[in-house]
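Source file protein-v9.cif; content: mmCIF, N, CA and C atoms.
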data_query
#
loop_
_atom_site.label_atom_id
_atom_site.label_comp_id
_atom_site.auth_asym_id
_atom_site.auth_seq_id
_atom_site.Cartn_x
_atom_site.Cartn_y
_atom_site.Cartn_z
N PHE W 140 -25.88 -24.62 -30.92
CA PHE W 140 -26.56 -24.36 -32.16
C PHE W 140 -26.43 -22.90 -32.53
N ILE W 141 -26.66 -22.63 -33.80
CA ILE W 141 -26.62 -21.27 -34.33
C ILE W 141 -28.01 -20.94 -34.87
N ALA W 142 -28.47 -19.75 -34.60
CA ALA W 142 -29.79 -19.32 -35.08
C ALA W 142 -29.69 -17.91 -35.64
N ILE W 143 -30.62 -17.61 -36.52
CA ILE W 143 -30.73 -16.25 -37.07
C ILE W 143 -32.18 -15.83 -36.96
N SER W 144 -32.40 -14.58 -36.63
CA SER W 144 -33.75 -14.04 -36.54
C SER W 144 -33.92 -12.97 -37.61
N MET W 145 -34.99 -13.08 -38.37
CA MET W 145 -35.24 -12.14 -39.46
C MET W 145 -36.59 -11.45 -39.27
N GLY W 146 -36.62 -10.16 -39.42
CA GLY W 146 -37.87 -9.40 -39.37
C GLY W 146 -38.49 -9.34 -40.75
N ILE W 147 -39.27 -10.34 -41.09
CA ILE W 147 -39.92 -10.38 -42.40
C ILE W 147 -41.04 -9.35 -42.46
N GLU W 148 -41.73 -9.16 -41.38
CA GLU W 148 -42.81 -8.19 -41.20
C GLU W 148 -44.12 -8.58 -41.88
N SER W 149 -44.10 -8.93 -43.18
CA SER W 149 -45.34 -9.22 -43.89
C SER W 149 -45.05 -10.08 -45.11
N LEU W 150 -46.07 -10.81 -45.55
CA LEU W 150 -45.97 -11.58 -46.80
C LEU W 150 -46.79 -10.91 -47.90
N ASN W 151 -47.30 -9.74 -47.63
CA ASN W 151 -48.09 -8.97 -48.58
C ASN W 151 -47.17 -7.98 -49.29
N GLU W 152 -47.10 -8.09 -50.62
CA GLU W 152 -46.18 -7.23 -51.40
C GLU W 152 -46.46 -5.74 -51.18
N ASN W 153 -47.73 -5.35 -51.09
CA ASN W 153 -48.06 -3.93 -50.88
C ASN W 153 -47.57 -3.45 -49.53
N THR W 154 -47.70 -4.29 -48.52
CA THR W 154 -47.22 -3.92 -47.18
C THR W 154 -45.70 -3.82 -47.18
N LEU W 155 -45.04 -4.74 -47.85
CA LEU W 155 -43.57 -4.68 -47.92
C LEU W 155 -43.11 -3.38 -48.58
N LYS W 156 -43.80 -2.95 -49.62
CA LYS W 156 -43.47 -1.67 -50.28
C LYS W 156 -43.71 -0.51 -49.33
N LEU W 157 -44.81 -0.58 -48.58
CA LEU W 157 -45.15 0.49 -47.64
C LEU W 157 -44.05 0.68 -46.60
N PHE W 158 -43.45 -0.42 -46.13
CA PHE W 158 -42.41 -0.34 -45.10
C PHE W 158 -41.05 0.09 -45.65
N ARG W 159 -40.88 0.09 -46.95
CA ARG W 159 -39.65 0.59 -47.61
C ARG W 159 -38.37 -0.04 -47.08
N LYS W 160 -38.41 -1.36 -46.85
CA LYS W 160 -37.21 -2.07 -46.38
C LYS W 160 -36.44 -2.70 -47.53
N GLY W 161 -36.98 -2.59 -48.75
CA GLY W 161 -36.31 -3.19 -49.89
C GLY W 161 -36.59 -4.68 -50.03
N LEU W 162 -37.57 -5.19 -49.27
CA LEU W 162 -37.89 -6.61 -49.34
C LEU W 162 -39.03 -6.86 -50.32
N THR W 163 -38.95 -8.00 -50.99
CA THR W 163 -40.05 -8.51 -51.79
C THR W 163 -40.25 -9.95 -51.36
N LEU W 164 -41.39 -10.51 -51.69
CA LEU W 164 -41.63 -11.91 -51.35
C LEU W 164 -40.59 -12.80 -52.03
N GLU W 165 -40.21 -12.45 -53.25
CA GLU W 165 -39.19 -13.23 -53.96
C GLU W 165 -37.85 -13.20 -53.23
N LYS W 166 -37.43 -12.04 -52.77
CA LYS W 166 -36.17 -11.94 -52.02
C LYS W 166 -36.23 -12.74 -50.72
N ILE W 167 -37.37 -12.65 -50.04
CA ILE W 167 -37.54 -13.39 -48.78
C ILE W 167 -37.43 -14.88 -49.04
N GLU W 168 -38.14 -15.37 -50.06
CA GLU W 168 -38.11 -16.81 -50.36
C GLU W 168 -36.73 -17.26 -50.83
N ASN W 169 -36.04 -16.45 -51.61
CA ASN W 169 -34.67 -16.80 -52.03
C ASN W 169 -33.75 -16.91 -50.82
N GLY W 170 -33.87 -15.98 -49.89
CA GLY W 170 -33.05 -16.03 -48.68
C GLY W 170 -33.35 -17.25 -47.83
N LEU W 171 -34.63 -17.56 -47.69
CA LEU W 171 -35.01 -18.73 -46.90
C LEU W 171 -34.56 -20.03 -47.57
N ALA W 172 -34.61 -20.07 -48.88
CA ALA W 172 -34.13 -21.26 -49.60
C ALA W 172 -32.65 -21.49 -49.32
N LYS W 173 -31.88 -20.41 -49.31
CA LYS W 173 -30.44 -20.53 -49.00
C LYS W 173 -30.22 -20.94 -47.55
N MET W 174 -31.02 -20.37 -46.64
CA MET W 174 -30.88 -20.72 -45.23
C MET W 174 -31.22 -22.19 -44.98
N ASN W 175 -32.16 -22.73 -45.76
CA ASN W 175 -32.54 -24.12 -45.60
C ASN W 175 -31.44 -25.09 -46.03
N GLN W 176 -30.40 -24.60 -46.67
CA GLN W 176 -29.27 -25.44 -47.06
C GLN W 176 -28.22 -25.51 -45.96
N THR W 177 -28.50 -24.88 -44.82
CA THR W 177 -27.56 -24.85 -43.70
C THR W 177 -28.18 -25.56 -42.50
N ASN W 178 -27.43 -25.64 -41.43
CA ASN W 178 -27.94 -26.17 -40.16
C ASN W 178 -28.31 -25.06 -39.19
N ILE W 179 -28.46 -23.86 -39.70
CA ILE W 179 -28.79 -22.71 -38.87
C ILE W 179 -30.30 -22.68 -38.63
N LEU W 180 -30.70 -22.53 -37.36
CA LEU W 180 -32.11 -22.40 -37.02
C LEU W 180 -32.63 -21.06 -37.51
N ILE W 181 -33.86 -21.06 -37.99
CA ILE W 181 -34.45 -19.85 -38.57
C ILE W 181 -35.61 -19.38 -37.70
N ALA W 182 -35.52 -18.14 -37.25
CA ALA W 182 -36.62 -17.50 -36.53
C ALA W 182 -37.06 -16.29 -37.35
N CYS W 183 -38.35 -16.10 -37.49
CA CYS W 183 -38.86 -14.96 -38.27
C CYS W 183 -39.94 -14.24 -37.46
N THR W 184 -39.96 -12.94 -37.59
CA THR W 184 -40.99 -12.15 -36.93
C THR W 184 -41.86 -11.46 -37.98
N PHE W 185 -43.13 -11.33 -37.63
CA PHE W 185 -44.12 -10.73 -38.52
C PHE W 185 -44.92 -9.70 -37.74
N LEU W 186 -45.35 -8.66 -38.43
CA LEU W 186 -46.22 -7.65 -37.83
C LEU W 186 -47.67 -7.99 -38.19
N LEU W 187 -48.55 -7.92 -37.21
CA LEU W 187 -49.97 -8.16 -37.45
C LEU W 187 -50.72 -6.84 -37.43
N GLY W 188 -51.68 -6.70 -38.33
CA GLY W 188 -52.52 -5.50 -38.34
C GLY W 188 -51.93 -4.34 -39.11
N SER W 189 -51.08 -4.62 -40.06
CA SER W 189 -50.51 -3.54 -40.87
C SER W 189 -51.60 -2.91 -41.74
N PRO W 190 -51.47 -1.63 -42.06
CA PRO W 190 -52.50 -0.96 -42.86
C PRO W 190 -52.77 -1.70 -44.17
N GLY W 191 -54.04 -1.94 -44.45
CA GLY W 191 -54.43 -2.57 -45.70
C GLY W 191 -54.38 -4.09 -45.71
N GLU W 192 -53.89 -4.72 -44.66
CA GLU W 192 -53.81 -6.17 -44.64
C GLU W 192 -55.12 -6.79 -44.20
N SER W 193 -55.40 -7.94 -44.78
CA SER W 193 -56.62 -8.68 -44.44
C SER W 193 -56.30 -9.77 -43.42
N GLU W 194 -57.35 -10.39 -42.93
CA GLU W 194 -57.18 -11.52 -42.02
C GLU W 194 -56.41 -12.64 -42.74
N ASN W 195 -56.71 -12.86 -44.02
CA ASN W 195 -56.02 -13.90 -44.78
C ASN W 195 -54.52 -13.61 -44.88
N ASP W 196 -54.15 -12.34 -45.02
CA ASP W 196 -52.72 -11.99 -45.07
C ASP W 196 -52.00 -12.46 -43.81
N MET W 197 -52.70 -12.41 -42.69
CA MET W 197 -52.10 -12.85 -41.44
C MET W 197 -52.12 -14.38 -41.31
N LEU W 198 -53.18 -15.00 -41.81
CA LEU W 198 -53.31 -16.45 -41.69
C LEU W 198 -52.33 -17.24 -42.56
N ILE W 199 -51.81 -16.63 -43.60
CA ILE W 199 -50.88 -17.37 -44.47
C ILE W 199 -49.49 -17.50 -43.86
N ILE W 200 -49.25 -16.85 -42.74
CA ILE W 200 -47.94 -16.95 -42.08
C ILE W 200 -47.62 -18.40 -41.72
N LEU W 201 -48.59 -19.15 -41.18
CA LEU W 201 -48.31 -20.53 -40.76
C LEU W 201 -47.95 -21.46 -41.92
N PRO W 202 -48.76 -21.52 -43.00
CA PRO W 202 -48.35 -22.40 -44.10
C PRO W 202 -47.04 -21.97 -44.75
N PHE W 203 -46.80 -20.66 -44.82
CA PHE W 203 -45.54 -20.15 -45.36
C PHE W 203 -44.38 -20.64 -44.50
N SER W 204 -44.54 -20.58 -43.19
CA SER W 204 -43.48 -21.00 -42.27
C SER W 204 -43.21 -22.49 -42.37
N ARG W 205 -44.25 -23.28 -42.56
CA ARG W 205 -44.05 -24.73 -42.76
C ARG W 205 -43.30 -24.98 -44.06
N LYS W 206 -43.71 -24.29 -45.10
CA LYS W 206 -43.09 -24.47 -46.42
C LYS W 206 -41.58 -24.23 -46.36
N TRP W 207 -41.16 -23.22 -45.61
CA TRP W 207 -39.75 -22.83 -45.57
C TRP W 207 -39.02 -23.32 -44.32
N ASN W 208 -39.59 -24.26 -43.59
CA ASN W 208 -38.94 -24.86 -42.43
C ASN W 208 -38.48 -23.84 -41.39
N ILE W 209 -39.31 -22.86 -41.14
CA ILE W 209 -38.99 -21.85 -40.14
C ILE W 209 -39.17 -22.48 -38.76
N ASP W 210 -38.15 -22.37 -37.92
CA ASP W 210 -38.15 -23.03 -36.62
C ASP W 210 -38.94 -22.27 -35.55
N SER W 211 -39.01 -20.96 -35.66
CA SER W 211 -39.68 -20.15 -34.64
C SER W 211 -40.34 -18.95 -35.32
N ILE W 212 -41.59 -18.70 -34.91
CA ILE W 212 -42.34 -17.57 -35.45
C ILE W 212 -42.66 -16.62 -34.31
N GLY W 213 -42.42 -15.34 -34.53
CA GLY W 213 -42.82 -14.32 -33.56
C GLY W 213 -43.74 -13.34 -34.25
N THR W 214 -44.75 -12.90 -33.53
CA THR W 214 -45.65 -11.88 -34.09
C THR W 214 -45.70 -10.69 -33.14
N ASN W 215 -45.87 -9.56 -33.74
CA ASN W 215 -46.00 -8.31 -32.99
C ASN W 215 -47.16 -7.52 -33.57
N ARG W 216 -47.89 -6.87 -32.72
CA ARG W 216 -48.97 -5.99 -33.17
C ARG W 216 -48.34 -4.67 -33.58
N ILE W 217 -48.73 -4.17 -34.73
CA ILE W 217 -48.16 -2.90 -35.19
C ILE W 217 -48.76 -1.75 -34.38
N ARG W 218 -47.89 -0.86 -33.98
CA ARG W 218 -48.31 0.35 -33.27
C ARG W 218 -47.59 1.52 -33.91
N MET W 219 -48.33 2.58 -34.14
CA MET W 219 -47.73 3.76 -34.76
C MET W 219 -48.07 5.00 -33.95
N PRO W 220 -47.07 5.79 -33.67
CA PRO W 220 -47.38 7.06 -32.99
C PRO W 220 -48.12 7.99 -33.95
N GLU W 221 -48.84 8.91 -33.40
CA GLU W 221 -49.60 9.86 -34.23
C GLU W 221 -48.70 10.66 -35.16
N THR W 222 -47.43 10.77 -34.86
CA THR W 222 -46.50 11.53 -35.70
C THR W 222 -45.97 10.71 -36.89
N SER W 223 -46.28 9.42 -36.95
CA SER W 223 -45.81 8.57 -38.05
C SER W 223 -46.55 8.88 -39.32
N PRO W 224 -45.85 8.86 -40.48
CA PRO W 224 -46.55 9.06 -41.76
C PRO W 224 -47.55 7.94 -42.05
N LEU W 225 -47.41 6.79 -41.39
CA LEU W 225 -48.33 5.68 -41.60
C LEU W 225 -49.57 5.78 -40.72
N TYR W 226 -49.56 6.65 -39.74
CA TYR W 226 -50.66 6.74 -38.78
C TYR W 226 -52.03 6.95 -39.44
N PRO W 227 -52.15 7.83 -40.42
CA PRO W 227 -53.47 8.05 -41.03
C PRO W 227 -54.01 6.82 -41.80
N LEU W 228 -53.14 5.90 -42.15
CA LEU W 228 -53.57 4.74 -42.93
C LEU W 228 -54.36 3.81 -42.06
#
In structure tokens, write the structure found in this file.
Amino acid sequence: FIAISMGIESLNENTLKLFRKGLTLEKIENGLAKMNQTNILIACTFLLGSPGESENDMLIILPFSRKWNIDSIGTNRIRMPETSPLYPL
């Protein structure tokens, strides 16, 4: 089998802007729609506890993953060194 792993990080538009990866929810969903047309397994990782995110922002990961047929979900707790520009947030 063939699989791809994607670091989505968040489903919150403000958090996606904060990380400056050039991702939007629309781009993520367009990519997943295209991936669903293949036989490639989809694994996605998300960061939990990003600045400004609510509990609901984290809880929507499961229904989102079901909607887009994501085969594997990974979560990571966000950690920032004191020297990071995000640390004060």
inquiry  = Residue by residue, what does the PyMOL selection byres (((chain W and resi 211-225 and name CA) around 6) and name CA) grab here? Present the result as a list in words.
reply    = Ala182, Cys183, Thr184, Phe185, Leu186, Leu187, Gly188, Ile209, Asp210, Tyr226, Pro227 and Leu228 of chain W
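Those residues that approach stretch 162-166 of chain W to within 7 Å, counting only C-alpha atoms, are Leu150, Glu152, Leu155, Asn169 and Gly170 of chain W; same-chain residues fewer than 3 positions away are not listed.
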query = Quick one: DSSP alpha helix (DSSP H) residues in chain W, as a PyMOL selection string?
reply = chain W and resi 152-158+164-174+194-198+200-206
Could you work out an axis-aligned box for stretch 211-219 of chain W, taking every atom the file lists and adding 5 Å on each side, and report centre and edge lengths in Å to one decimal, as lines of an AutoDock Vina configuration file?
center_x = -44.0
center_y = -8.0
center_z = -34.2
size_x = 20.0
size_y = 36.0
size_z = 12.9
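For the atom pair formed by atom N of W:Ile199 and atom CA of W:Ile141, the distance is 27.2 Å, given to one decimal.
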request  = Give the strand (DSSP E) residues of chain W, as assigned by DSSP on the backbone, as a PyMOL selection string.
outcome  = chain W and resi 142-148+180-187+211-216
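Note that atom N of W:Phe140 and atom N of W:Ser204 are 22.7 Å apart.
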message = Between atom CA of W:Asn208 and atom CA of W:Glu148, what distance in Å does the model show, to one decimal?
response = 17.2 Å
task = Identify all residues satisfying the PyMOL selection byres (((chain W and resi 190-193 and name CA) around 8) and name CA) in the given file; provide them as an MDAnalysis selection string.
result = chainID W and resid 151 154 188:189 194:197 225 228
Fewer than 2 positions away in the same chain doesn't count, so skip those; otherwise give me all residues within 9 Å of W:Ile179, counting only C-alpha atoms, as an mmCIF file with N, CA and C atoms, keeping the file's coordinate frame.
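Now in selection_20.cif:
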data_model
loop_
_atom_site.group_PDB
_atom_site.id
_atom_site.type_symbol
_atom_site.label_atom_id
_atom_site.label_comp_id
_atom_site.auth_asym_id
_atom_site.auth_seq_id
_atom_site.Cartn_x
_atom_site.Cartn_y
_atom_site.Cartn_z
ATOM 1 N N PHE W 140 -25.880 -24.620 -30.920
ATOM 2 C CA PHE W 140 -26.560 -24.360 -32.160
ATOM 3 C C PHE W 140 -26.430 -22.900 -32.530
ATOM 4 N N ILE W 141 -26.660 -22.630 -33.800
ATOM 5 C CA ILE W 141 -26.620 -21.270 -34.330
ATOM 6 C C ILE W 141 -28.010 -20.940 -34.870
ATOM 7 N N ALA W 142 -28.470 -19.750 -34.600
ATOM 8 C CA ALA W 142 -29.790 -19.320 -35.080
ATOM 9 C C ALA W 142 -29.690 -17.910 -35.640
ATOM 10 N N ILE W 143 -30.620 -17.610 -36.520
ATOM 11 C CA ILE W 143 -30.730 -16.250 -37.070
ATOM 12 C C ILE W 143 -32.180 -15.830 -36.960
ATOM 13 N N MET W 174 -31.020 -20.370 -46.640
ATOM 14 C CA MET W 174 -30.880 -20.720 -45.230
ATOM 15 C C MET W 174 -31.220 -22.190 -44.980
ATOM 16 N N ASN W 175 -32.160 -22.730 -45.760
ATOM 17 C CA ASN W 175 -32.540 -24.120 -45.600
ATOM 18 C C ASN W 175 -31.440 -25.090 -46.030
ATOM 19 N N GLN W 176 -30.400 -24.600 -46.670
ATOM 20 C CA GLN W 176 -29.270 -25.440 -47.060
ATOM 21 C C GLN W 176 -28.220 -25.510 -45.960
ATOM 22 N N THR W 177 -28.500 -24.880 -44.820
ATOM 23 C CA THR W 177 -27.560 -24.850 -43.700
ATOM 24 C C THR W 177 -28.180 -25.560 -42.500
ATOM 25 N N ILE W 181 -33.860 -21.060 -37.990
ATOM 26 C CA ILE W 181 -34.450 -19.850 -38.570
ATOM 27 C C ILE W 181 -35.610 -19.380 -37.700
#
